[in-house]
$ cat run.cif   # mmCIF, C-alpha atoms
data_entry
loop_
_atom_site.label_atom_id
_atom_site.label_comp_id
_atom_site.auth_asym_id
_atom_site.auth_seq_id
_atom_site.Cartn_x
_atom_site.Cartn_y
_atom_site.Cartn_z
CA ASN K 1 106.90 110.93 135.75
CA ARG K 2 107.35 109.80 132.16
CA PHE K 3 108.09 106.18 133.09
CA LEU K 4 104.85 105.86 135.08
CA ARG K 5 102.84 107.41 132.26
CA TYR K 6 104.47 104.95 129.85
CA GLU K 7 103.66 101.98 132.08
CA LYS K 8 100.04 103.06 132.56
CA ALA K 9 99.57 103.35 128.81
CA ARG K 10 101.28 100.02 128.21
CA LEU K 11 98.93 98.30 130.65
CA ASN K 12 95.94 99.93 129.00
CA VAL K 13 97.07 98.42 125.69
CA TYR K 14 97.90 94.92 126.82
CA ARG K 15 95.41 94.15 129.58
CA ASN K 16 93.01 91.45 128.36
CA GLY K 17 94.45 91.82 124.88
CA ALA K 18 92.49 95.02 124.34
CA PHE K 19 92.19 98.59 125.52
CA CYS K 20 90.72 99.17 128.95
CA ASP K 21 89.87 102.45 130.59
CA ASP K 22 89.22 102.79 134.28
CA ASP K 23 85.46 102.74 133.69
CA GLU K 24 85.13 101.24 130.26
CA GLU K 25 86.40 98.17 128.42
CA VAL K 26 86.85 98.04 124.69
CA LYS K 27 86.61 94.43 123.67
CA LEU K 28 88.43 92.82 120.78
CA VAL K 29 86.47 90.50 118.55
CA ILE K 30 88.11 88.93 115.52
CA GLN K 31 85.94 87.61 112.72
CA GLU K 32 87.43 85.84 109.72
CA GLU K 33 85.74 86.29 106.36
CA ASP K 34 86.23 83.91 103.45
CA ALA K 35 86.22 85.85 100.20
CA ASN K 36 84.61 82.88 98.49
CA VAL K 37 81.56 83.05 100.77
CA LYS K 38 79.70 86.29 100.20
CA ALA K 39 77.71 87.66 103.12
CA THR K 40 74.06 88.51 102.63
CA ALA K 41 73.90 92.28 102.65
CA THR K 42 71.10 94.16 104.33
CA GLU K 43 69.75 97.36 102.87
CA PRO K 44 72.00 100.26 103.96
CA SER K 45 70.55 103.07 106.02
CA SER K 46 70.04 106.40 104.30
CA ALA K 47 73.06 107.77 106.14
CA LEU K 48 75.22 105.24 104.32
CA GLU K 49 73.77 105.64 100.86
CA SER K 50 76.03 107.54 98.50
CA SER K 51 76.55 108.22 94.83
CA ASN K 52 80.29 107.63 95.14
CA VAL K 53 79.88 103.91 95.91
CA VAL K 54 80.98 101.99 92.84
CA ALA K 55 78.59 99.43 91.37
CA GLU K 56 81.45 97.39 89.92
CA CYS K 57 83.42 95.16 92.28
CA PRO K 58 86.96 94.90 90.95
CA ASP K 59 89.16 91.89 91.60
CA ALA K 60 91.40 92.96 94.47
CA SER K 61 92.52 89.48 95.56
CA PHE K 62 96.11 90.40 94.69
CA LEU K 63 96.22 92.71 97.71
CA ARG K 64 96.27 89.67 100.01
CA SER K 65 99.60 88.27 98.89
CA PRO K 66 103.23 88.05 100.06
CA GLN K 67 104.04 90.95 97.73
CA SER K 68 101.38 93.13 99.31
CA ALA K 69 99.53 92.44 102.58
CA GLU K 70 99.86 89.24 104.57
CA LYS K 71 96.70 90.22 106.45
CA VAL K 72 93.89 92.70 105.81
CA VAL K 73 92.37 94.16 108.99
CA VAL K 74 89.16 96.19 108.89
CA LEU K 75 88.31 98.49 111.80
CA CYS K 76 84.62 98.31 112.69
CA LEU K 77 82.24 99.39 115.44
CA ALA K 78 79.98 96.91 117.20
CA GLU K 79 77.36 99.66 117.37
CA ARG K 80 77.37 100.07 113.57
CA PRO K 81 76.49 96.62 112.19
CA ASP K 82 75.27 98.19 108.95
CA LYS K 83 78.76 99.50 108.22
CA SER K 84 80.36 96.16 109.12
CA GLU K 85 77.88 94.39 106.83
CA TYR K 86 78.59 96.82 104.02
CA VAL K 87 82.38 96.65 104.17
CA SER K 88 82.59 92.89 104.62
CA THR K 89 80.26 92.31 101.67
CA HIS K 90 82.13 94.82 99.53
CA LEU K 91 85.54 93.32 100.22
CA SER K 92 84.28 89.78 99.76
CA ASP K 93 82.70 90.74 96.45
CA CYS K 94 86.12 92.11 95.46
CA GLY K 95 87.74 88.77 96.33
CA LEU K 96 89.67 90.16 99.29
CA PRO K 97 89.89 87.95 102.43
CA HIS K 98 89.92 90.06 105.58
CA VAL K 99 89.52 90.22 109.33
CA LEU K 100 86.95 92.42 111.03
CA MET K 101 88.32 93.97 114.20
CA MET K 102 85.31 94.99 116.26
CA ASN K 103 85.57 97.93 118.66
CA ASN K 104 83.04 99.54 120.96
CA LEU K 105 82.13 103.16 120.39
CA HIS K 106 84.20 105.24 122.79
CA THR K 107 82.71 108.14 124.73
CA ASN K 108 85.21 110.24 122.79
CA PRO K 109 85.14 108.85 119.22
CA VAL K 110 88.41 110.61 118.34
CA VAL K 111 90.19 108.63 121.06
CA GLY K 112 88.37 105.45 120.12
CA CYS K 113 89.43 105.79 116.49
CA PHE K 114 93.04 106.43 117.52
CA ARG K 115 93.12 103.36 119.74
CA SER K 116 91.55 101.11 117.12
CA HIS K 117 94.41 101.90 114.73
CA ILE K 118 96.98 101.23 117.44
CA LYS K 119 95.23 97.99 118.30
CA ALA K 120 95.45 96.89 114.66
CA ILE K 121 99.20 97.48 114.71
CA GLN K 122 99.48 95.53 117.96
CA TYR K 123 97.48 92.68 116.43
CA ALA K 124 99.82 92.59 113.43
CA LYS K 125 102.85 92.57 115.72
CA GLU K 126 101.49 89.78 117.91
CA HIS K 127 100.88 87.60 114.84
CA ASN K 128 104.21 88.53 113.26
CA PHE K 129 102.68 89.46 109.90
CA GLU K 130 105.18 90.58 107.29
CA SER K 131 102.78 93.40 106.44
CA VAL K 132 99.26 94.49 107.27
CA LEU K 133 96.70 96.46 105.28
CA ILE K 134 94.51 98.48 107.63
CA LEU K 135 91.11 99.54 106.32
CA GLU K 136 88.25 101.50 107.85
CA ASP K 137 84.62 100.42 107.55
CA ASP K 138 83.62 102.96 104.90
CA VAL K 139 86.15 102.14 102.19
CA VAL K 140 85.34 101.82 98.50
CA LEU K 141 87.70 99.87 96.23
CA ARG K 142 87.57 101.67 92.91
CA PRO K 143 87.49 99.76 89.60
CA HIS K 144 90.99 100.82 88.59
CA ILE K 145 92.53 99.26 91.72
CA LYS K 146 93.42 96.34 89.45
CA ASP K 147 96.06 98.62 87.90
CA LEU K 148 97.87 98.70 91.24
CA GLN K 149 99.28 95.22 90.70
CA HIS K 150 101.05 96.40 87.55
CA ILE K 151 102.67 99.63 88.73
CA SER K 152 106.04 99.94 90.44
CA LEU K 153 106.16 100.65 94.13
CA PRO K 154 108.59 103.25 95.47
CA ASN K 155 112.11 101.84 95.78
CA GLU K 156 112.06 102.34 99.54
CA TRP K 157 108.90 102.56 101.61
CA ASP K 158 107.66 102.00 105.15
CA ILE K 159 103.95 102.82 104.74
CA LEU K 160 101.87 103.04 101.57
CA TYR K 161 98.57 104.90 101.46
CA PHE K 162 96.18 103.67 98.75
CA GLY K 163 94.03 106.77 99.16
CA GLY K 164 94.10 110.01 101.09
CA VAL K 165 94.41 113.78 101.02
CA LEU K 166 97.82 115.40 100.64
CA THR K 167 98.08 118.70 102.53
CA LYS K 168 101.81 119.23 102.02
CA TYR K 169 103.71 118.05 98.95
CA ALA K 170 107.30 116.84 99.38
CA GLY K 171 108.06 115.10 96.09
CA SER K 172 107.18 112.07 93.98
CA ASP K 173 108.88 108.82 93.05
CA GLU K 174 110.44 108.10 89.66
CA SER K 175 107.23 106.63 88.25
CA GLY K 176 105.15 109.65 89.23
CA LYS K 177 102.58 107.28 90.70
CA TRP K 178 103.45 107.97 94.35
CA VAL K 179 103.87 111.21 96.28
CA LYS K 180 105.12 112.01 99.75
CA GLY K 181 104.39 114.79 102.21
CA SER K 182 101.63 115.24 104.81
CA ILE K 183 99.10 112.50 104.09
CA TRP K 184 95.75 112.72 105.83
CA CYS K 185 93.02 110.06 106.00
CA ASN K 186 93.96 106.64 107.34
CA HIS K 187 91.22 104.59 105.73
CA ALA K 188 93.56 102.39 103.65
CA TYR K 189 97.27 102.03 104.40
CA LEU K 190 99.80 99.21 104.15
CA VAL K 191 102.39 98.90 106.92
CA LYS K 192 105.62 96.89 106.79
CA LYS K 193 106.57 94.62 109.67
CA HIS K 194 109.56 96.68 110.81
CA MET K 195 107.24 99.63 111.49
CA TYR K 196 105.11 97.91 114.14
CA ASP K 197 107.53 98.47 117.02
CA ILE K 198 108.33 101.97 115.78
CA ILE K 199 104.67 103.01 115.72
CA LEU K 200 103.94 101.46 119.12
CA SER K 201 107.06 102.99 120.66
CA GLU K 202 106.23 106.45 119.33
CA TYR K 203 102.77 106.11 120.83
CA LEU K 204 103.69 104.55 124.18
CA GLY K 205 106.74 106.79 124.63
CA CYS K 206 104.79 110.01 124.20
CA ASP K 207 105.07 112.41 127.14
CA ASP K 208 101.32 113.08 127.11
CA ILE K 209 99.40 110.17 125.61
CA GLU K 210 96.03 111.58 126.58
CA HIS K 211 96.74 114.77 124.66
CA LEU K 212 98.08 112.81 121.69
CA GLU K 213 94.99 110.62 121.47
CA ASN K 214 92.77 113.68 121.50
CA MET K 215 94.71 115.15 118.58
CA ASN K 216 93.46 112.23 116.44
CA ILE K 217 95.21 109.48 114.49
CA ASP K 218 95.83 111.72 111.46
CA TYR K 219 97.94 114.07 113.58
CA PHE K 220 99.94 111.15 114.97
CA TYR K 221 100.85 109.84 111.53
CA THR K 222 101.44 113.19 109.80
CA GLU K 223 103.38 114.89 112.59
CA ILE K 224 105.25 111.98 114.17
CA ILE K 225 105.54 109.05 111.75
CA GLN K 226 105.55 110.56 108.25
CA LYS K 227 108.20 113.14 109.09
CA LYS K 228 110.68 110.41 110.06
CA TYR K 229 109.85 107.52 107.76
CA LYS K 230 109.22 106.75 104.09
CA CYS K 231 105.48 107.12 103.60
CA TRP K 232 103.91 107.40 100.15
CA LEU K 233 100.43 108.15 98.81
CA ALA K 234 99.06 106.66 95.58
CA VAL K 235 98.29 109.45 93.13
CA ASP K 236 95.47 107.46 91.51
CA GLN K 237 93.43 107.09 94.72
CA TYR K 238 92.71 103.37 94.50
CA ILE K 239 90.72 103.17 97.74
CA ILE K 240 88.47 106.02 98.86
CA GLN K 241 85.85 106.61 101.56
CA LYS K 242 82.14 106.57 100.82
CA GLU K 243 79.92 109.45 101.76
CA GLY K 244 78.05 108.89 105.01
CA TYR K 245 77.61 109.70 108.66
CA SER K 246 80.76 109.93 110.79
CA ASP K 247 80.66 109.15 114.50
CA ILE K 248 83.79 111.30 114.89
CA THR K 249 82.53 114.50 113.26
CA LYS K 250 78.89 113.64 114.08
CA GLY K 251 77.86 114.64 110.60
CA ASN K 252 78.00 113.69 106.96
CA LYS K 253 81.47 113.33 105.42
CA TRP K 254 82.71 113.41 101.85
CA GLY K 255 79.52 114.99 100.56
CA ASP K 256 78.94 118.31 98.79
CA GLY K 257 80.36 116.96 95.55
CA PHE K 258 83.73 115.92 96.98
CA ASP K 259 85.63 114.15 94.21
CA TRP K 260 88.56 111.93 95.10
CA SER K 261 89.62 111.91 91.45
CA THR K 262 90.66 115.57 91.54
CA PHE K 263 94.01 114.71 93.07
CA SER K 264 95.86 116.83 90.51
CA VAL K 265 93.76 119.79 91.65
CA LYS K 266 94.75 119.14 95.24
CA LEU K 267 98.39 119.02 94.19
CA TYR K 268 97.98 122.32 92.39
CA ILE K 269 96.45 123.93 95.46
CA VAL K 270 99.29 122.64 97.63
CA THR K 271 102.23 123.31 95.32
CA GLY K 272 100.99 125.98 92.96
CA LYS K 273 102.38 123.96 90.05
#
$ encode --input "run.cif" --output "structure tokens"
Amino acid sequence: NRFLRYEKARLNVYRNGAFCDDDEEVKLVIQEEDANVKATATEPSSALESSNVVAECPDASFLRSPQSAEKVVVLCLAERPDKSEYVSTHLSDCGLPHVLMMNNLHTNPVVGCFRSHIKAIQYAKEHNFESVLILEDDVVLRPHIKDLQHISLPNEWDILYFGGVLTKYAGSDESGKWVKGSIWCNHAYLVKKHMYDIILSEYLGCDDIEHLENMNIDYFYTEIIQKKYKCWLAVDQYIIQKEGYSDITKGNKWGDGFDWSTFSVKLYIVTGK
């Protein structure tokens, strides 16, 4: 029944402080990075090289503040040390202290990705952070991210996306800097403390968690969370994803001339305005 499914999922989340399957354990490793100590970067593999990686490292230290994120958590894979090296170096160069949350590659990467995001929320809840910025290991902080500290946030918000793709437009705030609707891509989003229990309850209370996990984390947020709560996407796309190999799609992503700056074009396609 539903209660037993709920309990099984709850145990999978909390046992050993990590996710455990019947035949596989996903371990949690937390690594603190001091933004003042820059890691020595190794040469990236060809799969990670991309023309959309900015050469300039903007000052993004303001993101780790009481007004923004109390903690920055980066989702990484133990099997992809090159990506972990890249993102930690990039964020440190941008002056942004962060935590690397290491996960093992799941036999179904869609499920593994889903669970890593849930685990980040659980980590934020356990440490009682006022807010958490969740990043994926292929993010690029664009030079104009410094403008973010000077623009107004929406009057009321639960989750802010600093980059993403809008597939359904449902309005903008008074400043015109934030839009709401169906927001895909969860590579950079800021979550307020009061949302932790809501997100975990929506996940753990699902009638068919296995089916939900296989639908991917984007589906969970767009179809379950964003429809009920105040979620906004930054029009100016402050944090994007670099072109490279994806373990989920098992192919190259964000190639073929994809331009994150053409957000107005995306809006036109969605709204016809």
$ resolve_selection --input "run.cif" --expression "the PyMOL selection byres ((chain K and resi 66-78) around 9)" --output "PyMOL selection string"
chain K and resi 62-65+79-81+83-84+87-88+96-105+113+116-117+120+124+129-137+190-192
$ atom_distance --input "run.cif" --atom1 "CA of Glu56 in chain K" --atom2 "CA of Asp82 in chain K"
20.0 Å
$ closest_residue --input "run.cif" --among "K:Tyr189, K:Tyr221, K:Trp178, K:Tyr169" --to "Ser152 in chain K" --atoms "all atoms listed in the file"
K:Trp178
$ atom_distance --input "run.cif" --atom1 "CA of Met215 in chain K" --atom2 "CA of Trp184 in chain K"
13.0 Å
$ residues_around --input "run.cif" --residues "Tyr229 in chain K" --least-positions-apart "5" --cutoff "10 Å" --atoms "all atoms listed in the file" --output "list in words"
Glu156, Trp157, Asp158, Ile159, Met195, Ile198 and Ile224 of chain K
$ atom_distance --input "run.cif" --atom1 "CA of Ile118 in chain K" --atom2 "CA of Ile145 in chain K"
26.2 Å
$ resolve_selection --input "run.cif" --expression "the PyMOL selection byres ((chain K and resi 154) around 10)" --output "VMD selection string"
chain K and resid 151 to 153 155 to 158 160 172 to 179 230 to 232
$ closest_residue --input "run.cif" --among "K:Glu223, K:Glu213, K:Asp208, K:Asp138" --to "Lys168 in chain K" --atoms "all atoms listed in the file"
K:Glu223
